[in-house]
Amino acid sequence: MQERLVGEGAAPLYMRVRDQLATQIEEGALTPNTRLPSERILADEHGTTRVTTRLALAQLEAEGRIYRSNRRGWFVSPPRLIYKPTHDYSFSDNVTSQGRVPATETLDVTPTEINAWLAVKTGLAVGDPVVWLRRRRQIDGRPVLVENIYLNSKRLPDIETYDFNRSLWKLLREQYGVELQGKRIEMYPTALVDPQASAIGVTAGTAGLYVTRCSHDAEGCFVEFDEEFWLHDALSIQVEVN
């Protein structure tokens with residue numbers, strides 16, 4: 001098949017395909033979580049090659065308009081979750097308040113010790129005991145986040161015995177009387193690699209957002225250090241400034 005010629009100075013052909021698909025998404029012809037036709041069918045519909053179609057899909061993925069599910073194809077991205085890092089709320093409460101359905105799955109709970117990297121992040125000494133918690137989070141059945149949480153075993157004795165498929169913040173409050181006070185948050189774009197990529201069900205190298213949060217109690221004692229690996233199209237970060 002020969003592609004239609006593009007006039008001099010015109011946008012690249014793959015961007016024209018991208019524009020047409022983006023318009024369908026914006027106008028609601030393609031609704032959230034709708035599976036897109038195959039690359040072959042899209043190429044036929046737009047009178048172009050599969051290579052050009054693939055470039056258009058990659059562009060839409062980079063913009064967060066569509067996402068690729070391993071072995072299932074391309075889907076229209078759902079609305080982004082509004083995330084306010086300066087506010088105190090649990091993942092489940094935040095998702096539910098926006099009319100979505102949250103789910104949490106505990107992947108692993110392992111008592112371990114602080115290494116040199118964690119010592120810098122937490123302020124604890126190398127060799128101090130911590131509990132390493134791995135969880136996967138979903139919104140409307142779609143995995144969007146994997147997190148590594150390191151909990152201070154001395155401040156939270158027997159923490160590893162509890163159910164982590166619930167809100168951790170509520171657990172800390174109800175079982176240990178801990179109200180998280182001081183928090184240090186850092187975030188930046190990253191590429192998701194294994195084991196995080198495979199846990200979310202995406203290809204290694206998929207764009208993501210890396211968020212860390214270090215929390216202390218009212219007395220300044222370290223409580224938890226949280227590493228979050230998000231899909232890049234899952235969040236809309238909002239900060240209110242008065």
# chains A, B, ... in the order shown; residues from 1 in each chain; ligands from 1
call {"tool": "select_by_dssp", "arguments": {"residues": "stretch 5-231 of chain A", "states": "helix (DSSP H, G or I)", "output": "VMD selection string"}}
result
chain A and resid 13 to 26 39 to 46 50 to 62 91 to 97 116 to 122 159 to 161 168 to 176 196 to 200
call {"tool": "write_last_selection", "arguments": {"atoms": "C-alpha atoms", "output": "compact mmCIF listing (two decimals), in the first residue's frame"}}
result
# COMPACT_ATOMS: atom_id res chain seq x y z
CA LEU A 13 1.30 11.97 8.10
CA TYR A 14 1.44 10.14 11.41
CA MET A 15 0.45 13.40 13.14
CA ARG A 16 -2.59 13.68 10.87
CA VAL A 17 -3.62 10.18 11.92
CA ARG A 18 -2.94 11.15 15.53
CA ASP A 19 -5.12 14.25 15.15
CA GLN A 20 -8.04 12.27 13.78
CA LEU A 21 -7.91 9.72 16.60
CA ALA A 22 -7.46 12.46 19.23
CA THR A 23 -10.55 14.23 17.87
CA GLN A 24 -12.58 11.03 18.16
CA ILE A 25 -11.46 10.70 21.79
CA GLU A 26 -12.21 14.34 22.63
CA GLU A 39 -3.04 -1.47 13.69
CA ARG A 40 -3.93 -3.13 10.38
CA ILE A 41 -7.53 -1.97 10.52
CA LEU A 42 -6.52 1.54 11.57
CA ALA A 43 -4.02 1.70 8.71
CA ASP A 44 -6.74 0.70 6.25
CA GLU A 45 -9.19 3.22 7.70
CA HIS A 46 -6.70 6.08 7.40
CA ARG A 50 1.06 0.11 9.79
CA VAL A 51 4.40 1.82 10.46
CA THR A 52 2.78 5.26 10.24
CA THR A 53 -0.17 4.07 12.32
CA ARG A 54 2.21 2.76 14.97
CA LEU A 55 3.91 6.17 15.14
CA ALA A 56 0.52 7.85 15.62
CA LEU A 57 -0.39 5.44 18.43
CA ALA A 58 2.99 5.97 20.11
CA GLN A 59 2.38 9.73 20.03
CA LEU A 60 -1.06 9.33 21.62
CA GLU A 61 0.43 7.05 24.26
CA ALA A 62 3.10 9.62 25.08
CA PHE A 91 -5.61 6.23 48.02
CA SER A 92 -8.96 4.45 48.40
CA ASP A 93 -10.75 7.51 49.77
CA ASN A 94 -9.34 9.73 47.03
CA VAL A 95 -10.33 7.32 44.25
CA THR A 96 -13.81 6.74 45.70
CA SER A 97 -14.45 10.46 46.12
CA ALA A 116 22.82 2.54 53.09
CA TRP A 117 20.33 3.96 50.55
CA LEU A 118 17.38 3.73 52.97
CA ALA A 119 19.46 5.18 55.78
CA VAL A 120 19.87 8.37 53.74
CA LYS A 121 16.16 8.47 52.91
CA THR A 122 14.81 7.70 56.39
CA ILE A 159 3.03 -4.18 61.91
CA GLU A 160 3.74 -7.09 59.55
CA THR A 161 0.84 -9.08 61.03
CA LEU A 168 -2.33 2.05 55.66
CA TRP A 169 -2.93 5.52 57.10
CA LYS A 170 -6.12 4.33 58.82
CA LEU A 171 -4.26 1.28 60.15
CA LEU A 172 -1.52 3.48 61.64
CA ARG A 173 -4.11 5.73 63.24
CA GLU A 174 -6.36 2.99 64.63
CA GLN A 175 -3.76 0.47 65.80
CA TYR A 176 -0.83 2.71 66.76
CA GLN A 196 7.38 -2.70 38.61
CA ALA A 197 6.50 -2.84 34.89
CA SER A 198 5.55 -6.51 34.93
CA ALA A 199 3.56 -6.04 38.15
CA ILE A 200 1.44 -3.37 36.44
call {"tool": "residues_around", "arguments": {"residues": "A:Ile149", "least_positions_apart": "3", "cutoff": "6 Å", "atoms": "only C-alpha atoms", "output": "list in words"}}
result
Trp132, Leu133, Phe225 and Asp226 of chain A
call {"tool": "select_by_dssp", "arguments": {"residues": "stretch 3-235 of chain A", "states": "strand (DSSP E)", "output": "PyMOL selection string"}}
result
chain A and resi 66-69+73-76+81-83+102-113+129-139+142-152+183-192+206-216+222-231+235
call {"tool": "residues_around", "arguments": {"residues": "A:Ala218", "least_positions_apart": "5", "cutoff": "7 Å", "atoms": "only C-alpha atoms", "output": "PyMOL selection string"}}
result
chain A and resi 179-181
call {"tool": "closest_residue", "arguments": {"among": "A:Asn115, A:Pro157, A:Pro37, A:Gly182", "to": "A:Asp217", "atoms": "only C-alpha atoms"}}
result
A:Gly182
call {"tool": "closest_residue", "arguments": {"among": "A:Phe229, A:Thr190, A:Gly47, A:Gly201", "to": "A:Arg142", "atoms": "only C-alpha atoms"}}
result
A:Gly201
call {"tool": "residues_around", "arguments": {"residues": "A:Ile114", "least_positions_apart": "2", "cutoff": "6 Å", "atoms": "only C-alpha atoms", "output": "ChimeraX atom specification"}}
result
/A:118,126-128
call {"tool": "closest_residue", "arguments": {"among": "A:Ser69, A:Gln238, A:Thr48, A:Asn33", "to": "A:Thr206", "atoms": "only C-alpha atoms"}}
result
A:Ser69
call {"tool": "residues_around", "arguments": {"residues": "A:Arg135", "least_positions_apart": "5", "cutoff": "10 Å", "atoms": "only C-alpha atoms", "output": "list in words"}}
result
Thr104, Glu105, Thr106, Leu107, Asp108, Val109, Leu145, Val146, Glu147, Asn148, Ile149, Phe164, Asn165, Ala199 and Glu228 of chain A
call {"tool": "closest_residue", "arguments": {"among": "A:Arg35, A:Lys84, A:Lys183, A:Arg68", "to": "A:Val223", "atoms": "only C-alpha atoms"}}
result
A:Lys183
call {"tool": "closest_residue", "arguments": {"among": "A:Leu36, A:Val130, A:Ile185, A:Val144", "to": "A:Val76", "atoms": "only C-alpha atoms"}}
result
A:Leu36
call {"tool": "residues_around", "arguments": {"residues": "A:Pro79", "least_positions_apart": "4", "cutoff": "10 Å", "atoms": "only C-alpha atoms", "output": "list in words"}}
result
Pro32, Asn33, Gly64, Arg65, Arg100, Asp233, Ala234, Leu235 and Ser236 of chain A
call {"tool": "decode", "arguments": {"residues": "stretch 136-168 of chain A", "atoms": "N, CA, C and O atoms", "output": "PDB file, in the first residue's frame"}}
result
ATOM      1  N   ARG A 136       0.100  -3.461  44.985  1.00  0.00           N
ATOM      2  CA  ARG A 136      -0.353  -3.026  43.667  1.00  0.00           C
ATOM      3  C   ARG A 136      -1.723  -2.381  43.844  1.00  0.00           C
ATOM      4  O   ARG A 136      -2.591  -2.904  44.522  1.00  0.00           O
ATOM      5  N   ARG A 137      -1.924  -1.233  43.192  1.00  0.00           N
ATOM      6  CA  ARG A 137      -3.177  -0.501  43.304  1.00  0.00           C
ATOM      7  C   ARG A 137      -3.871  -0.440  41.943  1.00  0.00           C
ATOM      8  O   ARG A 137      -3.211  -0.311  40.902  1.00  0.00           O
ATOM      9  N   GLN A 138      -5.196  -0.506  41.991  1.00  0.00           N
ATOM     10  CA  GLN A 138      -5.979  -0.461  40.772  1.00  0.00           C
ATOM     11  C   GLN A 138      -7.048   0.632  40.858  1.00  0.00           C
ATOM     12  O   GLN A 138      -7.524   0.960  41.950  1.00  0.00           O
ATOM     13  N   ILE A 139      -7.397   1.171  39.694  1.00  0.00           N
ATOM     14  CA  ILE A 139      -8.533   2.073  39.566  1.00  0.00           C
ATOM     15  C   ILE A 139      -9.448   1.495  38.492  1.00  0.00           C
ATOM     16  O   ILE A 139      -9.023   1.295  37.352  1.00  0.00           O
ATOM     17  N   ASP A 140     -10.676   1.185  38.855  1.00  0.00           N
ATOM     18  CA  ASP A 140     -11.649   0.600  37.927  1.00  0.00           C
ATOM     19  C   ASP A 140     -11.109  -0.663  37.263  1.00  0.00           C
ATOM     20  O   ASP A 140     -11.345  -0.911  36.076  1.00  0.00           O
ATOM     21  N   GLY A 141     -10.377  -1.460  38.034  1.00  0.00           N
ATOM     22  CA  GLY A 141      -9.865  -2.730  37.526  1.00  0.00           C
ATOM     23  C   GLY A 141      -8.563  -2.636  36.760  1.00  0.00           C
ATOM     24  O   GLY A 141      -8.015  -3.666  36.344  1.00  0.00           O
ATOM     25  N   ARG A 142      -8.042  -1.448  36.566  1.00  0.00           N
ATOM     26  CA  ARG A 142      -6.790  -1.270  35.821  1.00  0.00           C
ATOM     27  C   ARG A 142      -5.644  -0.995  36.787  1.00  0.00           C
ATOM     28  O   ARG A 142      -5.682  -0.024  37.543  1.00  0.00           O
ATOM     29  N   PRO A 143      -4.581  -1.831  36.791  1.00  0.00           N
ATOM     30  CA  PRO A 143      -3.419  -1.542  37.638  1.00  0.00           C
ATOM     31  C   PRO A 143      -2.747  -0.242  37.193  1.00  0.00           C
ATOM     32  O   PRO A 143      -2.442  -0.067  36.010  1.00  0.00           O
ATOM     33  N   VAL A 144      -2.538   0.679  38.136  1.00  0.00           N
ATOM     34  CA  VAL A 144      -1.941   1.976  37.802  1.00  0.00           C
ATOM     35  C   VAL A 144      -0.722   2.295  38.651  1.00  0.00           C
ATOM     36  O   VAL A 144      -0.001   3.256  38.361  1.00  0.00           O
ATOM     37  N   LEU A 145      -0.463   1.495  39.655  1.00  0.00           N
ATOM     38  CA  LEU A 145       0.542   1.880  40.638  1.00  0.00           C
ATOM     39  C   LEU A 145       1.085   0.659  41.361  1.00  0.00           C
ATOM     40  O   LEU A 145       0.334  -0.244  41.732  1.00  0.00           O
ATOM     41  N   VAL A 146       2.405   0.629  41.547  1.00  0.00           N
ATOM     42  CA  VAL A 146       3.054  -0.328  42.435  1.00  0.00           C
ATOM     43  C   VAL A 146       3.859   0.476  43.438  1.00  0.00           C
ATOM     44  O   VAL A 146       4.500   1.476  43.079  1.00  0.00           O
ATOM     45  N   GLU A 147       3.806   0.081  44.699  1.00  0.00           N
ATOM     46  CA  GLU A 147       4.530   0.841  45.708  1.00  0.00           C
ATOM     47  C   GLU A 147       5.359  -0.065  46.606  1.00  0.00           C
ATOM     48  O   GLU A 147       4.980  -1.191  46.914  1.00  0.00           O
ATOM     49  N   ASN A 148       6.524   0.467  46.989  1.00  0.00           N
ATOM     50  CA  ASN A 148       7.380  -0.117  48.020  1.00  0.00           C
ATOM     51  C   ASN A 148       7.271   0.774  49.243  1.00  0.00           C
ATOM     52  O   ASN A 148       7.567   1.972  49.172  1.00  0.00           O
ATOM     53  N   ILE A 149       6.857   0.205  50.368  1.00  0.00           N
ATOM     54  CA  ILE A 149       6.716   0.970  51.599  1.00  0.00           C
ATOM     55  C   ILE A 149       7.623   0.348  52.659  1.00  0.00           C
ATOM     56  O   ILE A 149       7.605  -0.868  52.866  1.00  0.00           O
ATOM     57  N   TYR A 150       8.398   1.197  53.308  1.00  0.00           N
ATOM     58  CA  TYR A 150       9.303   0.744  54.370  1.00  0.00           C
ATOM     59  C   TYR A 150       8.812   1.326  55.682  1.00  0.00           C
ATOM     60  O   TYR A 150       8.747   2.547  55.858  1.00  0.00           O
ATOM     61  N   LEU A 151       8.434   0.450  56.621  1.00  0.00           N
ATOM     62  CA  LEU A 151       7.808   0.840  57.876  1.00  0.00           C
ATOM     63  C   LEU A 151       8.765   0.630  59.046  1.00  0.00           C
ATOM     64  O   LEU A 151       9.442  -0.404  59.127  1.00  0.00           O
ATOM     65  N   ASN A 152       8.805   1.589  59.950  1.00  0.00           N
ATOM     66  CA  ASN A 152       9.692   1.550  61.107  1.00  0.00           C
ATOM     67  C   ASN A 152       9.202   0.509  62.117  1.00  0.00           C
ATOM     68  O   ASN A 152       8.208   0.718  62.810  1.00  0.00           O
ATOM     69  N   SER A 153       9.908  -0.607  62.202  1.00  0.00           N
ATOM     70  CA  SER A 153       9.479  -1.708  63.074  1.00  0.00           C
ATOM     71  C   SER A 153       9.497  -1.318  64.545  1.00  0.00           C
ATOM     72  O   SER A 153       8.673  -1.806  65.327  1.00  0.00           O
ATOM     73  N   LYS A 154      10.422  -0.466  64.953  1.00  0.00           N
ATOM     74  CA  LYS A 154      10.493  -0.069  66.358  1.00  0.00           C
ATOM     75  C   LYS A 154       9.301   0.807  66.730  1.00  0.00           C
ATOM     76  O   LYS A 154       8.750   0.676  67.827  1.00  0.00           O
ATOM     77  N   ARG A 155       8.919   1.687  65.837  1.00  0.00           N
ATOM     78  CA  ARG A 155       7.781   2.566  66.101  1.00  0.00           C
ATOM     79  C   ARG A 155       6.457   1.828  65.925  1.00  0.00           C
ATOM     80  O   ARG A 155       5.443   2.179  66.552  1.00  0.00           O
ATOM     81  N   LEU A 156       6.462   0.766  65.097  1.00  0.00           N
ATOM     82  CA  LEU A 156       5.236   0.044  64.751  1.00  0.00           C
ATOM     83  C   LEU A 156       5.427  -1.458  64.996  1.00  0.00           C
ATOM     84  O   LEU A 156       5.480  -2.253  64.061  1.00  0.00           O
ATOM     85  N   PRO A 157       5.528  -1.881  66.244  1.00  0.00           N
ATOM     86  CA  PRO A 157       5.771  -3.302  66.531  1.00  0.00           C
ATOM     87  C   PRO A 157       4.663  -4.206  65.987  1.00  0.00           C
ATOM     88  O   PRO A 157       3.483  -3.859  66.053  1.00  0.00           O
ATOM     89  N   ASP A 158       5.068  -5.330  65.413  1.00  0.00           N
ATOM     90  CA  ASP A 158       4.147  -6.338  64.857  1.00  0.00           C
ATOM     91  C   ASP A 158       3.336  -5.814  63.675  1.00  0.00           C
ATOM     92  O   ASP A 158       2.289  -6.389  63.323  1.00  0.00           O
ATOM     93  N   ILE A 159       3.778  -4.752  63.025  1.00  0.00           N
ATOM     94  CA  ILE A 159       3.033  -4.179  61.910  1.00  0.00           C
ATOM     95  C   ILE A 159       2.860  -5.187  60.785  1.00  0.00           C
ATOM     96  O   ILE A 159       1.870  -5.155  60.047  1.00  0.00           O
ATOM     97  N   GLU A 160       3.801  -6.131  60.651  1.00  0.00           N
ATOM     98  CA  GLU A 160       3.743  -7.093  59.547  1.00  0.00           C
ATOM     99  C   GLU A 160       2.582  -8.081  59.673  1.00  0.00           C
ATOM    100  O   GLU A 160       2.279  -8.806  58.721  1.00  0.00           O
ATOM    101  N   THR A 161       1.922  -8.109  60.824  1.00  0.00           N
ATOM    102  CA  THR A 161       0.837  -9.077  61.031  1.00  0.00           C
ATOM    103  C   THR A 161      -0.529  -8.564  60.560  1.00  0.00           C
ATOM    104  O   THR A 161      -1.496  -9.312  60.574  1.00  0.00           O
ATOM    105  N   TYR A 162      -0.597  -7.322  60.131  1.00  0.00           N
ATOM    106  CA  TYR A 162      -1.892  -6.727  59.805  1.00  0.00           C
ATOM    107  C   TYR A 162      -2.242  -6.880  58.326  1.00  0.00           C
ATOM    108  O   TYR A 162      -1.399  -7.231  57.493  1.00  0.00           O
ATOM    109  N   ASP A 163      -3.503  -6.599  58.016  1.00  0.00           N
ATOM    110  CA  ASP A 163      -4.013  -6.656  56.650  1.00  0.00           C
ATOM    111  C   ASP A 163      -3.670  -5.359  55.935  1.00  0.00           C
ATOM    112  O   ASP A 163      -4.137  -4.282  56.323  1.00  0.00           O
ATOM    113  N   PHE A 164      -2.862  -5.458  54.870  1.00  0.00           N
ATOM    114  CA  PHE A 164      -2.450  -4.264  54.142  1.00  0.00           C
ATOM    115  C   PHE A 164      -3.286  -4.017  52.892  1.00  0.00           C
ATOM    116  O   PHE A 164      -2.966  -3.121  52.106  1.00  0.00           O
ATOM    117  N   ASN A 165      -4.344  -4.793  52.701  1.00  0.00           N
ATOM    118  CA  ASN A 165      -5.243  -4.530  51.584  1.00  0.00           C
ATOM    119  C   ASN A 165      -6.260  -3.454  51.940  1.00  0.00           C
ATOM    120  O   ASN A 165      -7.268  -3.302  51.261  1.00  0.00           O
ATOM    121  N   ARG A 166      -5.987  -2.726  52.951  1.00  0.00           N
ATOM    122  CA  ARG A 166      -6.820  -1.622  53.412  1.00  0.00           C
ATOM    123  C   ARG A 166      -5.940  -0.377  53.473  1.00  0.00           C
ATOM    124  O   ARG A 166      -4.768  -0.399  53.141  1.00  0.00           O
ATOM    125  N   SER A 167      -6.510   0.733  53.935  1.00  0.00           N
ATOM    126  CA  SER A 167      -5.759   1.976  54.039  1.00  0.00           C
ATOM    127  C   SER A 167      -4.675   1.861  55.108  1.00  0.00           C
ATOM    128  O   SER A 167      -4.953   1.559  56.274  1.00  0.00           O
ATOM    129  N   LEU A 168      -3.432   2.096  54.707  1.00  0.00           N
ATOM    130  CA  LEU A 168      -2.326   2.054  55.663  1.00  0.00           C
ATOM    131  C   LEU A 168      -2.439   3.197  56.660  1.00  0.00           C
ATOM    132  O   LEU A 168      -2.185   3.021  57.863  1.00  0.00           O
TER     133      LEU A 168
END
